[in-house]
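*Asks:* JSON, C-alpha atoms, file model_4.json:
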```json
[["chain", "number", "residue", "atom", "x", "y", "z"],
["A", 1, "MET", "CA", 84.31, 78.80, 59.92],
["A", 2, "SER", "CA", 84.63, 81.86, 62.15],
["A", 3, "THR", "CA", 85.18, 81.96, 65.86],
["A", 4, "PRO", "CA", 82.51, 83.85, 67.80],
["A", 5, "ILE", "CA", 83.77, 87.01, 69.47],
["A", 6, "ALA", "CA", 83.06, 87.19, 73.19],
["A", 7, "ALA", "CA", 81.38, 90.30, 74.53],
["A", 8, "PRO", "CA", 83.58, 92.44, 76.79],
["A", 9, "VAL", "CA", 83.27, 91.71, 80.48],
["A", 10, "ASP", "CA", 81.50, 94.38, 82.47],
["A", 11, "ARG", "CA", 84.04, 94.77, 85.27],
["A", 12, "LEU", "CA", 83.29, 95.69, 88.85],
["A", 13, "LEU", "CA", 86.92, 96.33, 89.81],
["A", 14, "TYR", "CA", 89.65, 97.93, 87.72],
["A", 15, "ARG", "CA", 93.42, 97.88, 88.09],
["A", 16, "PRO", "CA", 94.87, 101.42, 88.01],
["A", 17, "GLU", "CA", 96.15, 100.77, 84.48],
["A", 18, "GLU", "CA", 92.67, 99.73, 83.34],
["A", 19, "ALA", "CA", 91.10, 102.73, 85.05],
["A", 20, "ALA", "CA", 93.56, 105.00, 83.26],
["A", 21, "GLU", "CA", 92.54, 103.50, 79.94],
["A", 22, "ALA", "CA", 88.82, 103.83, 80.77],
["A", 23, "LEU", "CA", 89.31, 107.49, 81.74],
["A", 24, "ALA", "CA", 91.66, 108.20, 78.81],
["A", 25, "ILE", "CA", 94.34, 109.58, 81.14],
["A", 26, "GLY", "CA", 97.82, 108.44, 82.10],
["A", 27, "ARG", "CA", 98.53, 105.73, 84.63],
["A", 28, "SER", "CA", 100.60, 108.08, 86.77],
["A", 29, "THR", "CA", 97.70, 110.53, 86.86],
["A", 30, "VAL", "CA", 95.45, 107.79, 88.24],
["A", 31, "TYR", "CA", 97.99, 107.08, 90.98],
["A", 32, "GLU", "CA", 98.20, 110.81, 91.79],
["A", 33, "LEU", "CA", 94.40, 111.06, 92.02],
["A", 34, "MET", "CA", 94.37, 108.03, 94.32],
["A", 35, "THR", "CA", 97.08, 109.55, 96.54],
["A", 36, "GLU", "CA", 95.22, 112.89, 96.72],
["A", 37, "GLY", "CA", 91.99, 111.12, 97.65],
["A", 38, "ALA", "CA", 90.18, 112.40, 94.55],
["A", 39, "LEU", "CA", 89.74, 108.84, 93.26],
["A", 40, "LYS", "CA", 88.71, 106.25, 95.84],
["A", 41, "TYR", "CA", 90.19, 102.77, 95.77],
["A", 42, "ILE", "CA", 90.26, 99.59, 97.79],
["A", 43, "LYS", "CA", 93.19, 97.37, 98.76],
["A", 44, "LEU", "CA", 93.07, 93.63, 98.33],
["A", 45, "GLY", "CA", 96.26, 92.44, 99.93],
["A", 46, "ARG", "CA", 98.93, 94.51, 98.20],
["A", 47, "ALA", "CA", 96.82, 95.18, 95.12],
["A", 48, "ARG", "CA", 94.85, 98.39, 94.62],
["A", 49, "ARG", "CA", 91.56, 98.22, 92.76],
["A", 50, "ILE", "CA", 89.10, 100.92, 91.77],
["A", 51, "ARG", "CA", 85.40, 100.16, 91.85],
["A", 52, "ARG", "CA", 83.40, 101.02, 88.74],
["A", 53, "ALA", "CA", 81.05, 103.11, 90.91],
["A", 54, "ASP", "CA", 84.03, 105.15, 92.17],
["A", 55, "LEU", "CA", 85.20, 105.78, 88.60],
["A", 56, "GLU", "CA", 81.71, 106.98, 87.69],
["A", 57, "ALA", "CA", 81.52, 109.17, 90.83],
["A", 58, "PHE", "CA", 84.89, 110.73, 90.00],
["A", 59, "VAL", "CA", 83.78, 111.57, 86.46],
["A", 60, "ALA", "CA", 80.53, 113.04, 87.82],
["A", 61, "THR", "CA", 82.56, 115.49, 89.95],
["A", 62, "LEU", "CA", 84.40, 116.89, 86.93],
["A", 63, "ALA", "CA", 83.00, 120.22, 85.86],
["A", 64, "PRO", "CA", 83.28, 121.39, 82.26],
["A", 65, "LEU", "CA", 85.19, 124.61, 81.68],
["A", 66, "PRO", "CA", 83.11, 127.62, 80.65],
["A", 67, "ASN", "CA", 83.43, 128.63, 76.99]]
```
How would this structure read if it were set down as structure tokens?
*Replies:*
Amino acid sequence: MSTPIAAPVDRLLYRPEEAAEALAIGRSTVYELMTEGALKYIKLGRARRIRRADLEAFVATLAPLPN
């Protein structure tokens, strides 16, 4: 008998480490982008979280390099 596999949760908030994985960049790069203001985040107590909409907005601002 097999155990059913749960579908991944569609998150609204991401920890910086999770955002780094979603963006396929390093964790320290995410923190740098947050410090520079290029990637918006919210603070919940001492924790920083990045909204999914802010991740999508950041990606939308990236321009491809000309060939």
*Asks:* Using Å and a single decimal, report how far atom CA of Val30 of chain A sits from atom CA of Pro16 of chain A.
*Replies:*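 For atom CA of Pro16 of chain A relative to atom CA of Val30 of chain A, the distance reads 6.4 Å.
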*Asks:* For Lys40 of chain A, which residue out of A:Ala24, A:Leu12, A:Leu65, A:Ala57 is the nearest one, using all atoms listed in the file?
*Replies:*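 Ranked by minimum distance to Lys40 of chain A, first place goes to A:Ala57.
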*Asks:* Report, in Å to a single decimal, how far apart atom CA of Glu56 of chain A and atom CA of Leu23 of chain A are.
*Replies:*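 Calculated distance between atom CA of Leu23 of chain A and atom CA of Glu56 of chain A is 9.7 Å.
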*Asks:* Hey, can you check how far atom CA of Arg15 of chain A sits from atom CA of Ala47 of chain A?
*Replies:*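 So the two atoms, atom CA of Arg15 of chain A and atom CA of Ala47 of chain A, lie 8.3 Å apart.
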*Asks:* Name all residues at most 12 Å from Gly37 of chain A (count all atoms listed in the file; drop same-chain ones fewer than 5 positions away) and give them as an mmCIF file with C-alpha atoms, in the frame of the given file.
*Replies:*
```
data_model
loop_
_atom_site.group_PDB
_atom_site.id
_atom_site.type_symbol
_atom_site.label_atom_id
_atom_site.label_comp_id
_atom_site.auth_asym_id
_atom_site.auth_seq_id
_atom_site.Cartn_x
_atom_site.Cartn_y
_atom_site.Cartn_z
ATOM 1 C CA VAL A 30 95.450 107.790 88.240
ATOM 2 C CA TYR A 31 97.990 107.080 90.980
ATOM 3 C CA GLU A 32 98.200 110.810 91.790
ATOM 4 C CA ILE A 42 90.260 99.590 97.790
ATOM 5 C CA ASP A 54 84.030 105.150 92.170
ATOM 6 C CA PHE A 58 84.890 110.730 90.000
#
```
*Asks:* Which residue, A:Tyr14, A:Arg52, A:Ala22, A:Thr61, has the smallest gap to Ala38 of chain A when you use only C-alpha atoms?
*Replies:*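 Ranked by minimum distance to Ala38 of chain A, first place goes to A:Thr61.
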